[in-house]
Amino acid sequence: MKVVDAAQHEGSFREAYGAAMSALRAEHGVEVIVTGDIDLVGSSTTNFIDDVCKLTACGLSCWLPLWQISRRAALDEMLARGFDIRFSCVKSPFFDETWIGRRIDAASLAEMTAMEADGLDLCGENGEYHTVVLDAGISLYKTSRLLPTEEHLVPEELEGSAGQSKDQRWWVVQTGSVSPYTLCAR
C-alpha cells in the first residue's frame, strides 16, 4: 500500500498527491482521477484534486461527476441503486467511533438529516466524514473482500492531526484491521 506522505515533499500535500498520482499513471496507466467531490471545501476557491492535476504535471485529468448536485438527491440515488457505502473516518461533534464501518442506509441517513439543523453537510463536504464504497454494482470484483465485515472494523482515534482543533475528536478505521490491498487516505 502506498501512502501519501507530505513529509517526503517538504510538507506539501499538493506535491505528495501529485507524486502519488504520477505513480498511478506510470505504474497502472491511469489517465483520469474521478472524485465524489460535490462542492468547494472551507475557504477554497478551486477543487484540490483538480488543482493537483493541473499544477503538478502528473499527467492526469480530473472528473467531478457529482459537482454541484443536491446532496440529498446524490445520497437517495446511491441508496436506490444499492451502493454499499461505509464510514471510514468520522469527526465530532456529529459522529463518534460507533459510526466507523457503519453503512449509509435509510436509518443512518435519517440520523444525519436530523443533524443538518446543527450544521452537518449531508455529504460531509466540510470534512465531517469520509467513506469507502464497497459495492457500486459496476465492478467485476466486489471490493467487500478487501475489508473486514462491519463487526471486525475497529475504530482508531486520531489525536493531534493537522487541522484538528483541540475540542474535536476524529476516528478512522484502524489500519491493522484493513487488508493490505485496500487503499486508504487519512
# chains A, B, ... in the order shown; residues from 1 in each chain; ligands from 1
>>> residues_around(residues="A:Ala74", least_positions_apart="5", cutoff="12 Å", atoms="only C-alpha atoms", output="PyMOL selection string")
chain A and resi 36-38+65-69+79-81+83+109+122-123
>>> write_last_selection(atoms="all heavy atoms", output="short mmCIF file (atom, residue, chain, number, x, y, z; two decimals), in the first residue's frame")
data_model
loop_
_atom_site.label_atom_id
_atom_site.label_comp_id
_atom_site.auth_asym_id
_atom_site.auth_seq_id
_atom_site.Cartn_x
_atom_site.Cartn_y
_atom_site.Cartn_z
N GLY A 36 -15.64 12.09 -5.82
CA GLY A 36 -17.03 12.30 -5.43
C GLY A 36 -17.25 13.69 -4.87
O GLY A 36 -18.27 13.95 -4.22
N ASP A 37 -16.31 14.60 -5.11
CA ASP A 37 -16.46 15.96 -4.60
C ASP A 37 -17.72 16.60 -5.17
O ASP A 37 -18.01 16.49 -6.36
CB ASP A 37 -15.25 16.82 -4.96
CG ASP A 37 -13.97 16.36 -4.27
OD1 ASP A 37 -14.07 15.59 -3.30
OD2 ASP A 37 -12.89 16.77 -4.72
N ILE A 38 -18.44 17.30 -4.30
CA ILE A 38 -19.68 17.96 -4.69
C ILE A 38 -19.53 19.47 -4.68
O ILE A 38 -20.17 20.18 -5.45
CB ILE A 38 -20.83 17.54 -3.75
CG1 ILE A 38 -21.10 16.05 -3.92
CG2 ILE A 38 -22.10 18.34 -4.01
CD1 ILE A 38 -22.12 15.49 -2.94
N PRO A 65 -18.01 14.13 -11.48
CA PRO A 65 -19.36 13.89 -11.97
C PRO A 65 -20.47 14.35 -11.03
O PRO A 65 -21.61 14.53 -11.48
CB PRO A 65 -19.40 12.37 -12.17
CG PRO A 65 -18.37 11.84 -11.25
CD PRO A 65 -17.29 12.88 -11.21
N LEU A 66 -20.18 14.54 -9.75
CA LEU A 66 -21.21 14.94 -8.79
C LEU A 66 -21.19 16.44 -8.49
O LEU A 66 -21.97 16.92 -7.66
CB LEU A 66 -21.02 14.18 -7.47
CG LEU A 66 -21.05 12.66 -7.57
CD1 LEU A 66 -20.84 12.03 -6.20
CD2 LEU A 66 -22.33 12.17 -8.20
N TRP A 67 -20.33 17.19 -9.16
CA TRP A 67 -20.13 18.59 -8.85
C TRP A 67 -21.44 19.37 -8.85
O TRP A 67 -22.18 19.35 -9.82
CB TRP A 67 -19.14 19.21 -9.84
CG TRP A 67 -18.61 20.52 -9.38
CD1 TRP A 67 -18.90 21.74 -9.90
CD2 TRP A 67 -17.69 20.74 -8.32
NE1 TRP A 67 -18.22 22.72 -9.22
CE2 TRP A 67 -17.47 22.14 -8.23
CE3 TRP A 67 -17.04 19.92 -7.41
CZ2 TRP A 67 -16.62 22.72 -7.29
CZ3 TRP A 67 -16.19 20.49 -6.47
CH2 TRP A 67 -16.00 21.87 -6.43
N GLN A 68 -21.72 20.03 -7.71
CA GLN A 68 -22.84 20.94 -7.52
C GLN A 68 -24.22 20.28 -7.56
O GLN A 68 -25.23 20.97 -7.72
CB GLN A 68 -22.79 22.10 -8.54
CG GLN A 68 -21.55 22.96 -8.41
CD GLN A 68 -21.53 23.77 -7.13
OE1 GLN A 68 -22.46 24.52 -6.86
NE2 GLN A 68 -20.49 23.63 -6.33
N ILE A 69 -24.32 18.97 -7.40
CA ILE A 69 -25.65 18.35 -7.36
C ILE A 69 -26.19 18.40 -5.93
O ILE A 69 -25.45 18.63 -4.98
CB ILE A 69 -25.64 16.90 -7.88
CG1 ILE A 69 -24.86 15.97 -6.96
CG2 ILE A 69 -25.12 16.82 -9.30
CD1 ILE A 69 -25.07 14.51 -7.29
N LEU A 79 -28.45 5.16 -2.62
CA LEU A 79 -29.19 4.17 -1.84
C LEU A 79 -30.16 3.40 -2.73
O LEU A 79 -30.27 2.18 -2.62
CB LEU A 79 -29.93 4.83 -0.69
CG LEU A 79 -29.05 5.42 0.42
CD1 LEU A 79 -29.93 6.03 1.51
CD2 LEU A 79 -28.13 4.38 1.00
N ALA A 80 -30.84 4.10 -3.63
CA ALA A 80 -31.79 3.44 -4.54
C ALA A 80 -31.09 2.43 -5.43
O ALA A 80 -31.67 1.40 -5.80
CB ALA A 80 -32.51 4.49 -5.40
N ARG A 81 -29.85 2.70 -5.78
CA ARG A 81 -29.08 1.78 -6.63
C ARG A 81 -28.38 0.68 -5.84
O ARG A 81 -27.67 -0.15 -6.42
CB ARG A 81 -28.06 2.56 -7.46
CG ARG A 81 -28.71 3.43 -8.51
CD ARG A 81 -27.65 4.24 -9.27
NE ARG A 81 -28.27 5.06 -10.29
CZ ARG A 81 -28.31 4.73 -11.57
NH1 ARG A 81 -27.78 3.60 -11.98
NH2 ARG A 81 -28.88 5.53 -12.44
N PHE A 83 -25.91 0.93 -3.49
CA PHE A 83 -24.50 1.10 -3.18
C PHE A 83 -24.25 0.69 -1.73
O PHE A 83 -25.04 0.99 -0.84
CB PHE A 83 -24.07 2.55 -3.34
CG PHE A 83 -23.87 3.02 -4.75
CD1 PHE A 83 -24.55 2.45 -5.82
CD2 PHE A 83 -23.03 4.07 -5.01
CE1 PHE A 83 -24.38 2.91 -7.11
CE2 PHE A 83 -22.85 4.54 -6.30
CZ PHE A 83 -23.52 3.95 -7.35
N LEU A 109 -29.09 7.71 7.27
CA LEU A 109 -29.44 8.93 6.55
C LEU A 109 -30.47 9.76 7.34
O LEU A 109 -30.37 10.98 7.40
CB LEU A 109 -29.95 8.61 5.15
CG LEU A 109 -30.24 9.80 4.24
CD1 LEU A 109 -29.05 10.75 4.13
CD2 LEU A 109 -30.65 9.31 2.86
N LEU A 122 -24.75 17.14 4.63
CA LEU A 122 -25.27 15.79 4.47
C LEU A 122 -24.29 14.85 3.77
O LEU A 122 -24.25 13.65 4.05
CB LEU A 122 -26.60 15.83 3.72
CG LEU A 122 -27.54 14.66 3.88
CD1 LEU A 122 -27.83 14.35 5.34
CD2 LEU A 122 -28.83 14.92 3.15
N CYS A 123 -23.47 15.38 2.88
CA CYS A 123 -22.49 14.55 2.18
C CYS A 123 -21.07 14.71 2.73
O CYS A 123 -20.11 14.26 2.12
CB CYS A 123 -22.51 14.85 0.68
SG CYS A 123 -23.94 14.11 -0.15
#
>>> residues_around(residues="A:Arg86", least_positions_apart="6", cutoff="6 Å", atoms="only C-alpha atoms", output="ChimeraX atom specification")
/A:101-103,131-132
>>> select_by_dssp(residues="chain A", states="helix (DSSP H, G or I)", output="compact mmCIF listing (two decimals) with N, CA and C atoms, in the first residue's frame")
# COMPACT_ATOMS: atom_id res chain seq x y z
N ALA A 6 3.26 13.77 2.94
CA ALA A 6 3.69 15.14 2.64
C ALA A 6 5.09 15.41 3.14
N ALA A 7 5.52 14.71 4.20
CA ALA A 7 6.85 14.93 4.74
C ALA A 7 7.94 14.65 3.71
N GLN A 8 7.66 13.76 2.77
CA GLN A 8 8.62 13.44 1.71
C GLN A 8 8.64 14.49 0.61
N HIS A 9 7.76 15.48 0.73
CA HIS A 9 7.65 16.53 -0.30
C HIS A 9 7.63 17.90 0.36
N PHE A 13 1.17 18.76 0.75
CA PHE A 13 0.22 17.72 0.39
C PHE A 13 -0.04 17.74 -1.11
N ARG A 14 -0.05 18.92 -1.71
CA ARG A 14 -0.29 19.03 -3.15
C ARG A 14 0.80 18.27 -3.92
N GLU A 15 2.06 18.48 -3.55
CA GLU A 15 3.16 17.78 -4.23
C GLU A 15 3.12 16.28 -3.95
N ALA A 16 2.76 15.91 -2.72
CA ALA A 16 2.67 14.48 -2.36
C ALA A 16 1.57 13.80 -3.17
N TYR A 17 0.40 14.43 -3.27
CA TYR A 17 -0.68 13.87 -4.08
C TYR A 17 -0.26 13.79 -5.54
N GLY A 18 0.39 14.84 -6.03
CA GLY A 18 0.85 14.85 -7.42
C GLY A 18 1.81 13.69 -7.69
N ALA A 19 2.73 13.43 -6.76
CA ALA A 19 3.67 12.32 -6.92
C ALA A 19 2.92 10.98 -6.92
N ALA A 20 1.96 10.83 -6.03
CA ALA A 20 1.18 9.58 -5.98
C ALA A 20 0.38 9.40 -7.25
N MET A 21 -0.18 10.49 -7.76
CA MET A 21 -0.98 10.40 -8.98
C MET A 21 -0.08 10.14 -10.20
N SER A 22 1.11 10.69 -10.20
CA SER A 22 2.06 10.40 -11.28
C SER A 22 2.43 8.92 -11.28
N ALA A 23 2.58 8.36 -10.07
CA ALA A 23 2.90 6.94 -9.96
C ALA A 23 1.74 6.08 -10.48
N LEU A 24 0.51 6.49 -10.21
CA LEU A 24 -0.65 5.75 -10.74
C LEU A 24 -0.61 5.74 -12.26
N ARG A 25 -0.26 6.86 -12.84
CA ARG A 25 -0.20 6.93 -14.31
C ARG A 25 0.93 6.04 -14.84
N ALA A 26 2.10 6.16 -14.22
CA ALA A 26 3.25 5.41 -14.71
C ALA A 26 3.10 3.91 -14.48
N GLU A 27 2.60 3.52 -13.33
CA GLU A 27 2.55 2.10 -12.98
C GLU A 27 1.30 1.37 -13.48
N HIS A 28 0.20 2.11 -13.65
CA HIS A 28 -1.06 1.45 -13.97
C HIS A 28 -1.79 2.03 -15.19
N PHE A 48 -9.31 20.84 -4.88
CA PHE A 48 -7.95 20.42 -4.57
C PHE A 48 -7.40 19.40 -5.58
N ILE A 49 -8.14 18.34 -5.85
CA ILE A 49 -7.64 17.28 -6.74
C ILE A 49 -7.51 17.82 -8.16
N ASP A 50 -8.45 18.64 -8.60
CA ASP A 50 -8.35 19.25 -9.93
C ASP A 50 -7.09 20.12 -10.00
N ASP A 51 -6.84 20.88 -8.94
CA ASP A 51 -5.62 21.70 -8.88
C ASP A 51 -4.37 20.85 -8.96
N VAL A 52 -4.35 19.74 -8.23
CA VAL A 52 -3.19 18.85 -8.26
C VAL A 52 -2.94 18.37 -9.68
N CYS A 53 -4.00 17.97 -10.35
CA CYS A 53 -3.85 17.51 -11.74
C CYS A 53 -3.26 18.58 -12.63
N LYS A 54 -3.70 19.82 -12.45
CA LYS A 54 -3.25 20.92 -13.31
C LYS A 54 -1.87 21.45 -12.93
N LEU A 55 -1.57 21.51 -11.64
CA LEU A 55 -0.38 22.22 -11.18
C LEU A 55 0.85 21.36 -10.96
N ARG A 71 -27.17 17.37 -2.40
CA ARG A 71 -26.63 16.34 -1.53
C ARG A 71 -27.66 15.24 -1.29
N ARG A 72 -28.88 15.62 -0.96
CA ARG A 72 -29.91 14.64 -0.68
C ARG A 72 -30.19 13.78 -1.91
N ALA A 73 -30.26 14.41 -3.08
CA ALA A 73 -30.50 13.67 -4.31
C ALA A 73 -29.38 12.66 -4.56
N ALA A 74 -28.13 13.06 -4.30
CA ALA A 74 -26.99 12.15 -4.50
C ALA A 74 -27.09 10.93 -3.60
N LEU A 75 -27.37 11.16 -2.32
CA LEU A 75 -27.48 10.04 -1.38
C LEU A 75 -28.68 9.16 -1.69
N ASP A 76 -29.81 9.78 -2.00
CA ASP A 76 -31.00 9.00 -2.34
C ASP A 76 -30.75 8.11 -3.56
N GLU A 77 -30.06 8.66 -4.57
CA GLU A 77 -29.77 7.89 -5.78
C GLU A 77 -28.84 6.71 -5.48
N MET A 78 -27.81 6.94 -4.69
CA MET A 78 -26.88 5.86 -4.36
C MET A 78 -27.58 4.77 -3.55
N LEU A 79 -28.45 5.16 -2.62
CA LEU A 79 -29.19 4.17 -1.84
C LEU A 79 -30.16 3.40 -2.73
N ALA A 80 -30.84 4.10 -3.63
CA ALA A 80 -31.79 3.44 -4.54
C ALA A 80 -31.09 2.43 -5.43
N GLU A 97 -17.13 7.07 17.47
CA GLU A 97 -16.50 5.86 16.93
C GLU A 97 -17.48 4.78 16.49
N THR A 98 -18.71 4.82 16.97
CA THR A 98 -19.69 3.79 16.58
C THR A 98 -20.09 3.89 15.11
N TRP A 99 -19.77 5.00 14.46
CA TRP A 99 -20.10 5.17 13.04
C TRP A 99 -19.07 4.52 12.12
N ALA A 106 -31.01 3.89 5.05
CA ALA A 106 -32.13 4.76 5.39
C ALA A 106 -32.05 5.23 6.84
N ALA A 107 -31.65 4.34 7.75
CA ALA A 107 -31.58 4.71 9.17
C ALA A 107 -30.48 5.73 9.44
N SER A 108 -29.28 5.49 8.91
CA SER A 108 -28.19 6.44 9.15
C SER A 108 -28.47 7.77 8.44
N LEU A 109 -29.09 7.71 7.27
CA LEU A 109 -29.44 8.93 6.55
C LEU A 109 -30.47 9.76 7.34
N ALA A 110 -31.42 9.09 7.98
CA ALA A 110 -32.40 9.80 8.81
C ALA A 110 -31.71 10.49 9.99
N GLU A 111 -30.74 9.80 10.61
CA GLU A 111 -30.00 10.41 11.71
C GLU A 111 -29.19 11.61 11.23
N MET A 112 -28.57 11.48 10.06
CA MET A 112 -27.77 12.57 9.52
C MET A 112 -28.66 13.76 9.13
N THR A 113 -29.82 13.48 8.58
CA THR A 113 -30.75 14.55 8.20
C THR A 113 -31.14 15.37 9.43
N ALA A 114 -31.33 14.71 10.56
CA ALA A 114 -31.64 15.43 11.80
C ALA A 114 -30.49 16.31 12.25
N MET A 115 -29.26 15.97 11.88
CA MET A 115 -28.08 16.75 12.26
C MET A 115 -27.86 17.97 11.36
N GLU A 116 -28.53 18.02 10.21
CA GLU A 116 -28.35 19.15 9.30
C GLU A 116 -28.65 20.48 9.97
N ALA A 117 -29.65 20.51 10.83
CA ALA A 117 -30.01 21.76 11.52
C ALA A 117 -28.86 22.27 12.39
N ASP A 118 -27.98 21.36 12.81
CA ASP A 118 -26.83 21.73 13.64
C ASP A 118 -25.59 22.03 12.81
N THR A 143 -15.49 -5.31 -4.03
CA THR A 143 -14.39 -4.91 -3.16
C THR A 143 -14.61 -5.29 -1.71
N SER A 144 -15.79 -5.80 -1.36
CA SER A 144 -16.05 -6.15 0.03
C SER A 144 -15.07 -7.21 0.53
N ARG A 145 -14.45 -7.96 -0.37
CA ARG A 145 -13.46 -8.95 0.06
C ARG A 145 -12.19 -8.28 0.58
N LEU A 146 -12.04 -6.99 0.31
CA LEU A 146 -10.84 -6.28 0.74
C LEU A 146 -10.93 -5.74 2.16
N GLU A 150 -18.35 -5.56 8.93
CA GLU A 150 -18.60 -4.42 9.80
C GLU A 150 -18.21 -4.70 11.24
N GLU A 151 -18.53 -5.90 11.73
CA GLU A 151 -18.23 -6.20 13.14
C GLU A 151 -16.73 -6.32 13.42
N HIS A 152 -15.91 -6.46 12.38
CA HIS A 152 -14.47 -6.54 12.57
C HIS A 152 -13.74 -5.21 12.37
N THR A 175 -5.82 0.96 11.06
CA THR A 175 -5.02 0.49 9.93
C THR A 175 -4.81 -1.01 9.96
N GLY A 176 -4.59 -1.59 11.12
CA GLY A 176 -4.35 -3.03 11.22
C GLY A 176 -5.57 -3.87 10.89
N SER A 177 -6.76 -3.25 10.87
CA SER A 177 -7.96 -4.03 10.59
C SER A 177 -8.30 -4.07 9.11
>>> atom_distance(atom1="atom CA of A:Ile138", atom2="atom CA of A:Leu60")
22.4 Å
>>> atom_distance(atom1="atom CA of A:Gly59", atom2="atom CA of A:Val34")
14.0 Å
>>> residues_around(residues="stretch 89-91 of chain A", least_positions_apart="5", cutoff="9 Å", atoms="only C-alpha atoms", output="ChimeraX atom specification")
/A:96-97,99-101,127-131,155,168-173,186
>>> closest_residue(among="A:Cys62, A:Asp84, A:Leu158, A:Asp167", to="A:Thr35", atoms="only C-alpha atoms")
A:Cys62
>>> atom_distance(atom1="atom CA of A:Glu31", atom2="atom CA of A:Cys58")
9.6 Å
>>> select_by_dssp(residues="stretch 10-66 of chain A", states="strand (DSSP E or B)", output="PyMOL selection string")
chain A and resi 32-34+61-63
>>> decode(residues="stretch 11-22 of chain A", atoms="all heavy atoms", output="PDB file, in the first residue's frame")
ATOM      1  N   GLY A  11       6.590  18.883   3.098  1.00  0.00           N
ATOM      2  CA  GLY A  11       5.344  19.224   3.785  1.00  0.00           C
ATOM      3  C   GLY A  11       4.201  19.615   2.880  1.00  0.00           C
ATOM      4  O   GLY A  11       3.142  20.001   3.344  1.00  0.00           O
ATOM      5  N   SER A  12       4.369  19.495   1.575  1.00  0.00           N
ATOM      6  CA  SER A  12       3.332  19.899   0.632  1.00  0.00           C
ATOM      7  C   SER A  12       2.433  18.714   0.278  1.00  0.00           C
ATOM      8  O   SER A  12       2.861  17.778  -0.403  1.00  0.00           O
ATOM      9  CB  SER A  12       3.957  20.457  -0.649  1.00  0.00           C
ATOM     10  OG  SER A  12       2.965  20.614  -1.644  1.00  0.00           O
ATOM     11  N   PHE A  13       1.171  18.762   0.751  1.00  0.00           N
ATOM     12  CA  PHE A  13       0.216  17.716   0.385  1.00  0.00           C
ATOM     13  C   PHE A  13      -0.044  17.735  -1.114  1.00  0.00           C
ATOM     14  O   PHE A  13      -0.216  16.697  -1.736  1.00  0.00           O
ATOM     15  CB  PHE A  13      -1.102  17.882   1.155  1.00  0.00           C
ATOM     16  CG  PHE A  13      -1.018  17.391   2.559  1.00  0.00           C
ATOM     17  CD1 PHE A  13      -0.934  18.283   3.610  1.00  0.00           C
ATOM     18  CD2 PHE A  13      -1.015  16.035   2.836  1.00  0.00           C
ATOM     19  CE1 PHE A  13      -0.850  17.829   4.913  1.00  0.00           C
ATOM     20  CE2 PHE A  13      -0.937  15.570   4.134  1.00  0.00           C
ATOM     21  CZ  PHE A  13      -0.845  16.464   5.182  1.00  0.00           C
ATOM     22  N   ARG A  14      -0.051  18.923  -1.710  1.00  0.00           N
ATOM     23  CA  ARG A  14      -0.287  19.033  -3.147  1.00  0.00           C
ATOM     24  C   ARG A  14       0.796  18.270  -3.919  1.00  0.00           C
ATOM     25  O   ARG A  14       0.509  17.499  -4.821  1.00  0.00           O
ATOM     26  CB  ARG A  14      -0.317  20.502  -3.564  1.00  0.00           C
ATOM     27  CG  ARG A  14      -0.667  20.736  -5.011  1.00  0.00           C
ATOM     28  CD  ARG A  14      -0.703  22.221  -5.373  1.00  0.00           C
ATOM     29  NE  ARG A  14      -1.367  23.038  -4.376  1.00  0.00           N
ATOM     30  CZ  ARG A  14      -2.683  23.279  -4.335  1.00  0.00           C
ATOM     31  NH1 ARG A  14      -3.457  22.780  -5.255  1.00  0.00           N
ATOM     32  NH2 ARG A  14      -3.193  24.044  -3.393  1.00  0.00           N
ATOM     33  N   GLU A  15       2.061  18.481  -3.555  1.00  0.00           N
ATOM     34  CA  GLU A  15       3.159  17.784  -4.227  1.00  0.00           C
ATOM     35  C   GLU A  15       3.116  16.277  -3.947  1.00  0.00           C
ATOM     36  O   GLU A  15       3.386  15.468  -4.833  1.00  0.00           O
ATOM     37  CB  GLU A  15       4.509  18.371  -3.811  1.00  0.00           C
ATOM     38  CG  GLU A  15       4.730  19.785  -4.306  1.00  0.00           C
ATOM     39  CD  GLU A  15       4.697  19.906  -5.832  1.00  0.00           C
ATOM     40  OE1 GLU A  15       5.215  19.009  -6.527  1.00  0.00           O
ATOM     41  OE2 GLU A  15       4.150  20.904  -6.335  1.00  0.00           O
ATOM     42  N   ALA A  16       2.764  15.906  -2.720  1.00  0.00           N
ATOM     43  CA  ALA A  16       2.671  14.484  -2.364  1.00  0.00           C
ATOM     44  C   ALA A  16       1.575  13.796  -3.169  1.00  0.00           C
ATOM     45  O   ALA A  16       1.781  12.699  -3.699  1.00  0.00           O
ATOM     46  CB  ALA A  16       2.419  14.336  -0.864  1.00  0.00           C
ATOM     47  N   TYR A  17       0.404  14.427  -3.270  1.00  0.00           N
ATOM     48  CA  TYR A  17      -0.684  13.870  -4.081  1.00  0.00           C
ATOM     49  C   TYR A  17      -0.262  13.794  -5.543  1.00  0.00           C
ATOM     50  O   TYR A  17      -0.541  12.813  -6.226  1.00  0.00           O
ATOM     51  CB  TYR A  17      -1.962  14.706  -3.940  1.00  0.00           C
ATOM     52  CG  TYR A  17      -2.864  14.252  -2.829  1.00  0.00           C
ATOM     53  CD1 TYR A  17      -2.591  14.585  -1.509  1.00  0.00           C
ATOM     54  CD2 TYR A  17      -3.998  13.497  -3.086  1.00  0.00           C
ATOM     55  CE1 TYR A  17      -3.418  14.171  -0.482  1.00  0.00           C
ATOM     56  CE2 TYR A  17      -4.835  13.088  -2.068  1.00  0.00           C
ATOM     57  CZ  TYR A  17      -4.536  13.418  -0.770  1.00  0.00           C
ATOM     58  OH  TYR A  17      -5.356  13.009   0.241  1.00  0.00           O
ATOM     59  N   GLY A  18       0.392  14.844  -6.028  1.00  0.00           N
ATOM     60  CA  GLY A  18       0.854  14.847  -7.416  1.00  0.00           C
ATOM     61  C   GLY A  18       1.805  13.694  -7.694  1.00  0.00           C
ATOM     62  O   GLY A  18       1.705  13.027  -8.731  1.00  0.00           O
ATOM     63  N   ALA A  19       2.727  13.428  -6.757  1.00  0.00           N
ATOM     64  CA  ALA A  19       3.673  12.319  -6.916  1.00  0.00           C
ATOM     65  C   ALA A  19       2.924  10.980  -6.922  1.00  0.00           C
ATOM     66  O   ALA A  19       3.221  10.090  -7.738  1.00  0.00           O
ATOM     67  CB  ALA A  19       4.712  12.347  -5.801  1.00  0.00           C
ATOM     68  N   ALA A  20       1.958  10.832  -6.030  1.00  0.00           N
ATOM     69  CA  ALA A  20       1.184   9.583  -5.976  1.00  0.00           C
ATOM     70  C   ALA A  20       0.376   9.396  -7.255  1.00  0.00           C
ATOM     71  O   ALA A  20       0.293   8.284  -7.800  1.00  0.00           O
ATOM     72  CB  ALA A  20       0.268   9.593  -4.755  1.00  0.00           C
ATOM     73  N   MET A  21      -0.184  10.486  -7.762  1.00  0.00           N
ATOM     74  CA  MET A  21      -0.976  10.400  -8.984  1.00  0.00           C
ATOM     75  C   MET A  21      -0.084  10.135 -10.196  1.00  0.00           C
ATOM     76  O   MET A  21      -0.463   9.383 -11.108  1.00  0.00           O
ATOM     77  CB  MET A  21      -1.826  11.656  -9.135  1.00  0.00           C
ATOM     78  CG  MET A  21      -2.948  11.672  -8.082  1.00  0.00           C
ATOM     79  SD  MET A  21      -3.786  13.245  -7.774  1.00  0.00           S
ATOM     80  CE  MET A  21      -4.280  13.798  -9.362  1.00  0.00           C
ATOM     81  N   SER A  22       1.105  10.694 -10.204  1.00  0.00           N
ATOM     82  CA  SER A  22       2.064  10.403 -11.282  1.00  0.00           C
ATOM     83  C   SER A  22       2.429   8.923 -11.281  1.00  0.00           C
ATOM     84  O   SER A  22       2.547   8.305 -12.339  1.00  0.00           O
ATOM     85  CB  SER A  22       3.331  11.244 -11.113  1.00  0.00           C
ATOM     86  OG  SER A  22       3.059  12.600 -11.356  1.00  0.00           O
TER      87      SER A  22
END
